[in-house]
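File shown: model24.cif. Contents: mmCIF, C-alpha atoms and all ligand atoms.
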data_input
#
loop_
_atom_site.label_atom_id
_atom_site.label_comp_id
_atom_site.auth_asym_id
_atom_site.auth_seq_id
_atom_site.Cartn_x
_atom_site.Cartn_y
_atom_site.Cartn_z
CA MET A 22 190.91 -94.25 191.20
CA ASP A 23 189.94 -90.72 190.31
CA ARG A 24 186.18 -90.17 190.34
CA ARG A 25 186.31 -86.86 188.49
CA THR A 26 187.96 -88.18 185.34
CA PRO A 27 185.24 -89.59 183.10
CA LEU A 28 185.47 -93.37 182.67
CA PRO A 29 186.36 -94.28 179.06
CA VAL A 30 183.75 -96.76 177.80
CA VAL A 31 184.61 -98.39 174.48
CA VAL A 32 181.65 -99.38 172.30
CA ASP A 33 180.91 -100.68 168.80
CA ASP A 34 177.36 -101.02 167.49
CA ARG A 35 178.32 -103.87 165.17
CA HIS A 36 177.49 -106.13 168.13
CA ARG A 37 173.81 -105.78 167.11
CA ARG A 38 174.42 -107.91 164.06
CA HIS A 39 174.81 -110.98 166.30
CA ASP A 40 171.16 -111.62 167.16
CA PRO A 41 170.28 -115.31 166.66
CA PRO A 42 166.58 -116.17 167.02
CA TYR A 43 167.21 -119.33 169.08
CA GLU A 44 169.83 -121.61 170.63
CA LEU A 45 169.57 -125.22 171.76
CA ASN A 46 169.54 -125.85 175.49
CA ALA A 47 169.39 -129.51 176.49
CA GLY A 48 168.33 -130.12 172.89
CA GLN A 49 165.41 -127.68 173.07
CA PRO A 50 165.18 -124.42 171.11
CA VAL A 51 165.05 -121.39 173.45
CA ARG A 52 165.37 -117.64 172.92
CA PRO A 53 168.97 -116.60 173.64
CA TRP A 54 169.61 -114.58 176.80
CA GLU A 55 172.79 -113.27 175.22
CA ARG A 56 171.01 -110.61 173.14
CA PRO A 57 171.74 -107.05 171.90
CA GLU A 58 169.51 -105.45 174.58
CA ARG A 59 172.13 -106.42 177.18
CA ILE A 60 174.35 -103.62 175.90
CA ASP A 61 171.44 -101.14 176.01
CA ALA A 62 170.77 -102.14 179.63
CA LEU A 63 174.43 -101.74 180.61
CA ARG A 64 174.65 -98.37 178.87
CA ALA A 65 171.50 -97.21 180.65
CA GLY A 66 173.26 -98.03 183.91
CA LEU A 67 175.96 -95.50 183.01
CA ALA A 68 173.46 -92.60 183.07
CA ASP A 69 174.73 -91.28 186.42
CA VAL A 70 178.33 -92.43 186.00
CA PRO A 71 180.73 -89.77 184.61
CA HIS A 72 181.98 -91.41 181.43
CA ARG A 73 182.93 -90.78 177.83
CA LEU A 74 182.08 -93.09 174.95
CA VAL A 75 185.00 -94.13 172.76
CA GLN A 76 184.28 -95.79 169.41
CA ALA A 77 186.30 -98.96 168.84
CA VAL A 78 189.17 -98.63 166.36
CA PRO A 79 189.66 -101.49 163.88
CA HIS A 80 192.82 -103.50 164.61
CA ASP A 81 194.77 -105.82 162.33
CA ASP A 82 194.85 -109.58 162.99
CA ALA A 83 198.17 -109.74 164.83
CA ALA A 84 196.76 -109.70 168.38
CA LEU A 85 193.87 -112.01 167.44
CA LEU A 86 196.25 -114.55 165.86
CA ALA A 87 198.52 -114.42 168.91
CA VAL A 88 195.67 -116.18 170.77
CA HIS A 89 193.61 -118.05 168.16
CA ASP A 90 194.39 -120.71 165.54
CA PRO A 91 194.14 -119.19 162.02
CA GLY A 92 191.66 -121.97 161.18
CA LEU A 93 189.26 -120.79 163.89
CA VAL A 94 189.60 -117.17 162.79
CA ALA A 95 188.89 -118.15 159.17
CA PHE A 96 185.90 -120.24 160.28
CA ILE A 97 184.35 -117.42 162.33
CA ASP A 98 184.95 -115.00 159.42
CA GLU A 99 183.79 -117.26 156.57
CA GLY A 100 182.15 -120.43 157.93
CA HIS A 101 178.59 -119.14 157.89
CA ALA A 102 178.80 -118.02 154.24
CA ARG A 103 180.22 -121.43 153.22
CA TRP A 104 177.49 -123.22 155.22
CA ARG A 105 174.79 -121.16 153.46
CA GLU A 106 176.30 -121.88 150.02
CA ALA A 107 176.16 -125.59 150.89
CA GLY A 108 172.43 -125.29 151.69
CA GLY A 109 172.59 -124.80 155.46
CA PRO A 110 169.82 -122.81 157.22
CA ALA A 111 170.21 -119.19 158.41
CA VAL A 112 171.08 -120.28 161.96
CA MET A 113 174.29 -122.32 162.07
CA ILE A 114 174.42 -124.87 164.93
CA PRO A 115 176.50 -128.07 164.66
CA ASP A 116 174.87 -131.47 164.53
CA THR A 117 178.10 -133.50 164.63
CA PHE A 118 181.01 -132.75 166.95
CA ARG A 119 184.60 -133.58 166.06
CA SER A 120 186.16 -135.49 168.93
CA PRO A 121 189.79 -136.12 169.88
CA ARG A 122 188.67 -139.63 170.89
CA TRP A 123 188.23 -140.55 167.25
CA ALA A 124 191.36 -142.16 165.78
CA SER A 125 191.63 -139.25 163.32
CA GLY A 126 190.17 -136.74 165.77
CA ALA A 127 192.69 -134.08 164.91
CA ARG A 128 191.47 -133.49 161.36
CA HIS A 129 189.04 -130.73 160.58
CA GLY A 130 187.49 -132.29 157.47
CA THR A 131 186.34 -130.35 154.42
CA ALA A 132 182.49 -130.40 154.38
CA PRO A 133 181.04 -126.90 154.99
CA LEU A 134 178.00 -128.41 156.75
CA GLY A 135 180.32 -130.29 159.12
CA ALA A 136 182.64 -127.37 159.81
CA PRO A 137 180.80 -125.85 162.82
CA GLY A 138 181.14 -129.16 164.69
CA SER A 139 184.85 -129.04 163.99
CA TRP A 140 185.32 -125.76 165.89
CA CYS A 141 182.33 -125.46 168.26
CA PHE A 142 181.82 -127.36 171.55
CA ASP A 143 178.15 -126.76 172.31
CA THR A 144 174.70 -126.13 170.79
CA ALA A 145 174.08 -122.83 172.64
CA THR A 146 176.27 -120.70 170.36
CA PRO A 147 174.32 -120.16 167.14
CA VAL A 148 176.06 -118.24 164.37
CA VAL A 149 174.10 -116.04 161.97
CA ALA A 150 175.13 -113.89 158.98
CA GLY A 151 176.15 -110.93 161.16
CA SER A 152 177.98 -112.89 163.87
CA ALA A 153 181.43 -112.52 162.32
CA ALA A 154 181.12 -108.72 162.25
CA ALA A 155 180.05 -108.74 165.91
CA ALA A 156 182.89 -111.08 166.92
CA ARG A 157 185.38 -108.79 165.20
CA ALA A 158 183.79 -105.76 166.85
CA ALA A 159 184.09 -107.30 170.33
CA VAL A 160 187.82 -107.88 169.81
CA ASP A 161 188.27 -104.33 168.49
CA VAL A 162 186.47 -102.99 171.59
CA ALA A 163 188.79 -104.94 173.91
CA LEU A 164 191.93 -103.94 171.99
CA THR A 165 190.90 -100.27 171.84
CA ALA A 166 190.39 -100.29 175.60
CA ALA A 167 193.80 -101.99 176.02
CA ASP A 168 195.34 -99.21 173.89
CA LEU A 169 193.91 -96.61 176.28
CA LEU A 170 195.68 -98.32 179.18
CA ARG A 171 198.90 -98.57 177.19
CA ASP A 172 198.60 -94.82 176.61
CA GLY A 173 198.41 -94.21 180.35
CA ALA A 174 194.72 -94.31 181.27
CA PRO A 175 194.29 -95.77 184.79
CA ILE A 176 191.07 -97.56 183.80
CA ALA A 177 189.04 -98.43 180.69
CA TYR A 178 185.82 -100.38 180.18
CA ALA A 179 185.40 -102.57 177.10
CA LEU A 180 181.63 -102.84 176.69
CA CYS A 181 181.63 -105.78 174.31
CA ARG A 182 179.40 -108.63 173.24
CA PRO A 183 179.33 -111.47 172.45
CA PRO A 184 181.34 -112.45 175.54
CA GLY A 185 184.67 -114.24 175.11
CA HIS A 186 185.92 -116.27 178.06
CA HIS A 187 184.66 -119.69 176.88
CA SER A 188 186.43 -119.38 173.51
CA GLY A 189 189.81 -121.13 173.41
CA PRO A 190 192.83 -121.26 171.10
CA ASP A 191 191.02 -123.39 168.50
CA TYR A 192 187.41 -123.60 169.61
CA TYR A 193 184.33 -121.48 170.26
CA GLY A 194 181.18 -122.01 172.35
CA GLY A 195 179.33 -120.88 175.48
CA PHE A 196 177.97 -117.79 173.66
CA CYS A 197 181.60 -116.80 172.89
CA LEU A 198 183.19 -116.51 169.44
CA PHE A 199 186.61 -114.88 169.97
CA ASN A 200 188.20 -114.57 173.41
CA ASN A 201 188.16 -110.78 173.81
CA VAL A 202 189.83 -110.71 177.22
CA ALA A 203 192.60 -113.13 176.22
CA VAL A 204 193.41 -111.12 173.09
CA ALA A 205 193.61 -107.92 175.16
CA ALA A 206 195.71 -109.63 177.86
CA ARG A 207 198.18 -111.07 175.37
CA SER A 208 198.54 -107.63 173.77
CA LEU A 209 199.42 -106.10 177.16
CA THR A 210 202.13 -108.55 178.28
CA ASP A 211 204.84 -106.41 176.63
CA GLY A 212 204.22 -104.00 179.52
CA GLY A 213 204.86 -106.65 182.20
CA ARG A 214 202.93 -109.38 183.98
CA VAL A 215 199.17 -109.40 183.59
CA ALA A 216 196.53 -110.82 185.91
CA ILE A 217 193.04 -111.71 184.71
CA LEU A 218 190.40 -111.85 187.45
CA ASP A 219 187.29 -113.58 186.10
CA ILE A 220 184.19 -112.78 188.17
CA ASP A 221 181.60 -114.03 185.68
CA PHE A 222 179.39 -116.78 187.16
CA HIS A 223 180.84 -119.31 184.71
CA HIS A 224 184.37 -120.67 184.59
CA GLY A 225 186.35 -119.12 181.73
CA ASN A 226 187.62 -122.38 180.28
CA GLY A 227 188.79 -120.64 177.11
CA THR A 228 190.90 -118.04 178.90
CA GLN A 229 192.31 -120.77 181.15
CA ASP A 230 193.34 -122.80 178.08
CA VAL A 231 194.97 -119.82 176.37
CA PHE A 232 197.23 -119.16 179.37
CA TRP A 233 197.48 -122.74 180.78
CA ARG A 234 201.24 -123.03 180.12
CA ASP A 235 201.95 -119.30 180.30
CA SER A 236 204.07 -117.68 183.01
CA ASP A 237 203.27 -114.06 181.99
CA VAL A 238 199.54 -114.16 182.71
CA LEU A 239 197.81 -115.19 185.93
CA TYR A 240 194.27 -116.45 185.34
CA ALA A 241 192.14 -116.43 188.51
CA SER A 242 188.44 -117.26 188.51
CA LEU A 243 185.58 -117.55 190.99
CA HIS A 244 182.60 -119.39 189.55
CA GLY A 245 179.80 -121.85 189.99
CA ASP A 246 181.25 -125.30 190.77
CA PRO A 247 181.52 -127.31 187.54
CA GLY A 248 179.99 -130.18 189.51
CA TYR A 249 176.67 -128.46 188.76
CA ALA A 250 177.41 -125.50 186.47
CA PHE A 251 178.38 -124.93 182.83
CA PRO A 252 181.01 -125.53 181.39
CA TYR A 253 180.90 -128.71 183.54
CA PHE A 254 184.38 -130.05 182.66
CA THR A 255 186.73 -127.32 183.83
CA GLY A 256 187.12 -124.95 186.76
CA PHE A 257 187.80 -127.47 189.52
CA GLY A 258 190.11 -126.22 192.25
CA ASP A 259 192.91 -128.64 191.37
CA GLU A 260 193.41 -127.08 187.91
CA VAL A 261 196.50 -124.92 188.46
CA GLY A 262 198.21 -124.79 185.03
CA GLU A 263 201.11 -126.82 183.68
CA GLY A 264 204.77 -126.48 182.78
CA PRO A 265 205.94 -122.86 183.05
CA GLY A 266 202.30 -121.94 183.81
CA ARG A 267 202.04 -124.18 186.87
CA GLY A 268 200.67 -122.06 189.71
CA SER A 269 199.45 -119.20 187.50
CA THR A 270 195.94 -120.61 187.17
CA VAL A 271 193.67 -120.22 190.19
CA ASN A 272 190.18 -121.73 190.38
CA VAL A 273 187.69 -121.21 193.17
CA ALA A 274 184.51 -123.23 192.68
CA LEU A 275 181.52 -122.05 194.72
CA GLY A 276 178.21 -123.65 195.62
CA ARG A 277 174.69 -122.77 194.56
CA ASP A 278 173.18 -119.71 196.28
CA THR A 279 176.58 -118.24 197.17
CA ASP A 280 175.80 -114.89 198.85
CA ASP A 281 177.69 -111.61 199.29
CA GLU A 282 179.49 -112.73 202.46
CA VAL A 283 180.76 -116.04 201.12
CA TYR A 284 181.67 -114.48 197.78
CA LEU A 285 183.55 -111.52 199.28
CA ARG A 286 185.55 -113.82 201.52
CA ALA A 287 186.58 -115.95 198.54
CA LEU A 288 187.32 -112.86 196.44
CA THR A 289 189.54 -111.41 199.16
CA ALA A 290 191.61 -114.61 199.19
CA VAL A 291 191.93 -114.55 195.38
CA CYS A 292 192.98 -110.90 195.50
CA GLU A 293 195.79 -111.86 197.88
CA ARG A 294 197.06 -114.23 195.19
CA ILE A 295 196.87 -111.41 192.65
CA GLU A 296 198.69 -109.04 194.98
CA ALA A 297 201.47 -111.62 195.38
CA TRP A 298 201.66 -111.97 191.58
CA ALA A 299 202.37 -108.20 191.38
CA PRO A 300 200.89 -107.68 187.92
CA ALA A 301 201.66 -104.54 185.91
CA THR A 302 198.07 -104.65 184.63
CA LEU A 303 194.88 -106.10 186.08
CA ILE A 304 192.12 -107.20 183.75
CA VAL A 305 188.66 -108.12 184.98
CA SER A 306 186.43 -110.51 183.05
CA LEU A 307 183.31 -108.76 184.26
CA GLY A 308 180.12 -110.79 184.47
CA PHE A 309 176.92 -109.87 186.29
CA ASP A 310 175.37 -113.33 186.02
CA THR A 311 176.35 -113.83 189.70
CA ALA A 312 173.37 -111.60 190.58
CA ALA A 313 170.52 -113.24 192.52
CA ALA A 314 168.05 -112.31 189.77
CA ASP A 315 170.12 -113.63 186.88
CA PRO A 316 168.15 -116.15 184.80
CA ILE A 317 171.22 -118.33 184.07
CA GLY A 318 173.56 -118.05 187.07
CA ALA A 319 172.91 -119.75 190.42
CA PHE A 320 174.49 -117.30 192.91
CA ALA A 321 172.64 -114.86 195.14
CA LEU A 322 174.69 -111.65 195.00
CA SER A 323 172.98 -108.34 195.77
CA THR A 324 173.44 -104.97 194.10
CA SER A 325 175.42 -103.71 197.11
CA GLY A 326 177.56 -106.85 196.81
CA PHE A 327 178.79 -105.54 193.46
CA HIS A 328 179.85 -102.29 195.15
CA ARG A 329 181.90 -104.30 197.65
CA ILE A 330 183.40 -106.38 194.83
CA GLY A 331 184.40 -103.13 193.11
CA ARG A 332 186.04 -101.82 196.28
CA THR A 333 187.96 -105.05 196.81
CA ILE A 334 189.30 -104.91 193.25
CA ALA A 335 190.13 -101.19 193.52
CA ALA A 336 192.27 -101.94 196.59
CA LEU A 337 194.68 -103.82 194.30
CA ASP A 338 195.48 -100.38 192.90
CA ARG A 339 196.63 -101.41 189.40
CA PRO A 340 195.88 -100.06 185.92
CA LEU A 341 192.54 -101.70 185.33
CA LEU A 342 190.93 -103.01 182.17
CA LEU A 343 187.29 -104.09 182.51
CA VAL A 344 186.08 -106.46 179.80
CA GLN A 345 182.39 -107.30 179.72
CA GLU A 346 181.44 -110.98 179.82
CA GLY A 347 178.01 -112.29 180.87
CA GLY A 348 175.01 -111.02 182.84
CA TYR A 349 171.51 -111.65 181.56
CA ASP A 350 168.97 -110.02 183.89
CA LEU A 351 168.06 -107.08 181.65
CA ASP A 352 166.28 -105.31 184.53
CA GLY A 353 169.23 -105.53 186.92
CA LEU A 354 172.28 -105.17 184.68
CA GLY A 355 172.37 -101.37 184.70
CA THR A 356 172.11 -100.96 188.48
CA ASP A 357 174.61 -103.75 189.13
CA LEU A 358 177.12 -102.13 186.76
CA ALA A 359 176.64 -98.69 188.37
CA SER A 360 177.06 -100.25 191.82
CA PHE A 361 180.24 -102.07 190.79
CA LEU A 362 181.70 -98.89 189.27
CA SER A 363 180.85 -96.87 192.40
CA GLY A 364 183.05 -99.32 194.30
CA ILE A 365 185.87 -99.19 191.77
CA ARG A 366 186.19 -95.40 191.71
C1 LIG B 401 178.32 -117.48 178.95
B1 LIG B 401 179.00 -116.54 179.93
C2 LIG B 401 173.11 -124.74 180.65
C3 LIG B 401 173.59 -124.28 179.28
C4 LIG B 401 174.59 -123.18 179.42
C5 LIG B 401 175.90 -121.67 177.99
C6 LIG B 401 176.11 -120.62 179.03
C7 LIG B 401 177.17 -119.66 178.58
C8 LIG B 401 177.46 -118.54 179.55
N1 LIG B 401 172.07 -125.71 180.51
N2 LIG B 401 174.76 -122.54 178.19
O1 LIG B 401 179.93 -117.15 180.78
O2 LIG B 401 178.09 -115.75 180.73
ZN ZN B 402 178.65 -116.34 182.55
#
In structure tokens, how does this file's structure come out?
Ligand code: OKP
Ligand code: ZN
Amino acid sequence: MDRRTPLPVVVDDRHRRHDPPYELNAGQPVRPWERPERIDALRAGLADVPHRLVQAVPHDDAALLAVHDPGLVAFIDEGHARWREAGGPAVMIPDTFRSPRWASGARHGTAPLGAPGSWCFDTATPVVAGSAAAARAAVDVALTAADLLRDGAPIAYALCRPPGHHSGPDYYGGFCLFNNVAVAARSLTDGGRVAILDIDFHHGNGTQDVFWRDSDVLYASLHGDPGYAFPYFTGFGDEVGEGPGRGSTVNVALGRDTDDEVYLRALTAVCERIEAWAPATLIVSLGFDTAAADPIGAFALSTSGFHRIGRTIAALDRPLLLVQEGGYDLDGLGTDLASFLSGIR
């Protein structure tokens, strides 16, 4: 890709409004790692990268509703206000989870204080008054970046938060509200087959679910083995999709302390699958929580490893949409991003 053309980086400051004071980890309140300063750290990393900032353009709900149940969209938009009216505290975290194992497990119920447990799967995704605006902003960032590709840009970077890949058709969780990458991918399938390469440390269970039965979108992920890593229940190597989507889901589960060499070997094999898929567009779910210093991830990648990852992805030589997912080491995020981009371009 051309180094001299500035990289379009799509941003939206509404992300700052999602800033919960705590989440629950193993039942204990802890300060969230997924915080607004992540975007500042990533933007600082762009200092020496030729780029231009593009403000996100508001989009209508069509692309969002092509991925998500209208009930989930309405809950993210309105659920916190209803919860507050019903006497709930400023931080909305479920205390009771709807389960399909209950005889009537499919019903959402009507109580505003029960609603978060109807749509959310964990206790680490607190919702505050500004979260809906941030969730909307993240989708607008991803869709604006997708528009740039549709208009002929060879590459665009959607610098969004909160992340999206754990959010599914009718659920949210894992720090994710709407599935930004899935919404962008769905909006690009008119232009031909799409491949999503997920290099966040965590398995993107939400993205996998969105495209599980889909033959237009390949979902390929390398991640910490769910035998030890969140989201625990998905991302095993035998999950390959179903029906028309059988074979267009690829999962590579990796052990603790995976280093550059092991990771690059696995990535090269996954890229061969992508090459064979011959996508018109390649989308990367871009996480930096695979870094050795990351406080949440368990891999041991180095800064130069991200350069090599970038080069490996660039060799696929496709129009490329980068969508930000995780990465929580505020001191390393900027350098890891710059290193990755130096490999891409
Ligand atoms: C979001 B993304 C482990 C709790 C894990 C959620 C992690 C979400 C990661 N005890 N909590 O994929 O970076
Ligand atoms: Zn992650």
Subject >> For A:Ala159: contacts at 7 Å, all atoms listed in the file, fewer than 6 positions along chain excluded, given as number ranges by chain >> reply: A: 181-183, 201
Would you output that residue set with C-alpha atoms, as a compact mmCIF listing (two decimals), in the frame of the given file?
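Writing the result to part-v5.txt gives the following:
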# COMPACT_ATOMS: atom_id res chain seq x y z
CA CYS A 181 181.63 -105.78 174.31
CA ARG A 182 179.40 -108.63 173.24
CA PRO A 183 179.33 -111.47 172.45
CA ASN A 201 188.16 -110.78 173.81
Subject >> Counting only C-alpha atoms and all ligand atoms, the residue of A:Asp33, A:Asp235, A:Glu346, A:Asp338 that sits nearest ligand ZN 402 (chain B) >> reply: A:Glu346
Name the residues, by chain letter and number, that sit within 9 Å of ligand LIG 401 (chain B) using all atoms listed in the file, and give them as a PDB file with C-alpha atoms, in the coordinates of the input.
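Result file follows (part_11.pdb):
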ATOM      1  CA  LEU A  45     169.570-125.220 171.760  1.00  0.00           C
ATOM      2  CA  ASN A  46     169.540-125.850 175.490  1.00  0.00           C
ATOM      3  CA  ALA A  47     169.390-129.510 176.490  1.00  0.00           C
ATOM      4  CA  GLU A  55     172.790-113.270 175.220  1.00  0.00           C
ATOM      5  CA  ASP A 143     178.150-126.760 172.310  1.00  0.00           C
ATOM      6  CA  THR A 144     174.700-126.130 170.790  1.00  0.00           C
ATOM      7  CA  ALA A 145     174.080-122.830 172.640  1.00  0.00           C
ATOM      8  CA  THR A 146     176.270-120.700 170.360  1.00  0.00           C
ATOM      9  CA  PRO A 183     179.330-111.470 172.450  1.00  0.00           C
ATOM     10  CA  PRO A 184     181.340-112.450 175.540  1.00  0.00           C
ATOM     11  CA  GLY A 185     184.670-114.240 175.110  1.00  0.00           C
ATOM     12  CA  HIS A 186     185.920-116.270 178.060  1.00  0.00           C
ATOM     13  CA  HIS A 187     184.660-119.690 176.880  1.00  0.00           C
ATOM     14  CA  GLY A 194     181.180-122.010 172.350  1.00  0.00           C
ATOM     15  CA  GLY A 195     179.330-120.880 175.480  1.00  0.00           C
ATOM     16  CA  PHE A 196     177.970-117.790 173.660  1.00  0.00           C
ATOM     17  CA  CYS A 197     181.600-116.800 172.890  1.00  0.00           C
ATOM     18  CA  ASP A 221     181.600-114.030 185.680  1.00  0.00           C
ATOM     19  CA  PHE A 222     179.390-116.780 187.160  1.00  0.00           C
ATOM     20  CA  HIS A 223     180.840-119.310 184.710  1.00  0.00           C
ATOM     21  CA  HIS A 224     184.370-120.670 184.590  1.00  0.00           C
ATOM     22  CA  GLY A 225     186.350-119.120 181.730  1.00  0.00           C
ATOM     23  CA  ALA A 250     177.410-125.500 186.470  1.00  0.00           C
ATOM     24  CA  PHE A 251     178.380-124.930 182.830  1.00  0.00           C
ATOM     25  CA  PRO A 252     181.010-125.530 181.390  1.00  0.00           C
ATOM     26  CA  GLY A 308     180.120-110.790 184.470  1.00  0.00           C
ATOM     27  CA  PHE A 309     176.920-109.870 186.290  1.00  0.00           C
ATOM     28  CA  ASP A 310     175.370-113.330 186.020  1.00  0.00           C
ATOM     29  CA  ILE A 317     171.220-118.330 184.070  1.00  0.00           C
ATOM     30  CA  GLY A 318     173.560-118.050 187.070  1.00  0.00           C
ATOM     31  CA  GLU A 346     181.440-110.980 179.820  1.00  0.00           C
ATOM     32  CA  GLY A 347     178.010-112.290 180.870  1.00  0.00           C
ATOM     33  CA  GLY A 348     175.010-111.020 182.840  1.00  0.00           C
ATOM     34  CA  TYR A 349     171.510-111.650 181.560  1.00  0.00           C
TER      35      TYR A 349
END
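Going from atom CA of A:Asn226 over to atom CA of A:Gly109, you cover 29.1 Å.
Distance check against A:Thr279 using all atoms listed in the file: of A:Leu134, A:Ala301, A:Leu169, A:Leu322, the minimum falls on A:Leu322.
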Subject >> Coordinates-based distance that separates atom CA of A:Phe320 from atom CA of A:Leu288 (Å, one decimal) >> reply: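 According to the coordinates, atom CA of A:Leu288 and atom CA of A:Phe320 are separated by 14.0 Å.
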Original post:
When distances are computed from all atoms listed in the file, which of A:Ala203, A:Asp82, A:Gln345, A:Asp211 shows the smallest separation from ligand ZN 402 (chain B)?
Top reply: A:Gln345
**OP:** Have a look at A:Leu343, A:Leu275, A:Ile220, A:Val30 and name the one nearest to ligand ZN 402 (chain B); count all atoms listed in the file.
**Re:** A:Ile220
Original post:
If we count only C-alpha atoms, what is near stretch 352-359 of chain A at a cut-off of 6 Å, once residues fewer than 4 positions away on the same chain are taken out, given as a PyMOL selection string?
Top reply: chain A and resi 62-63+65-66+324
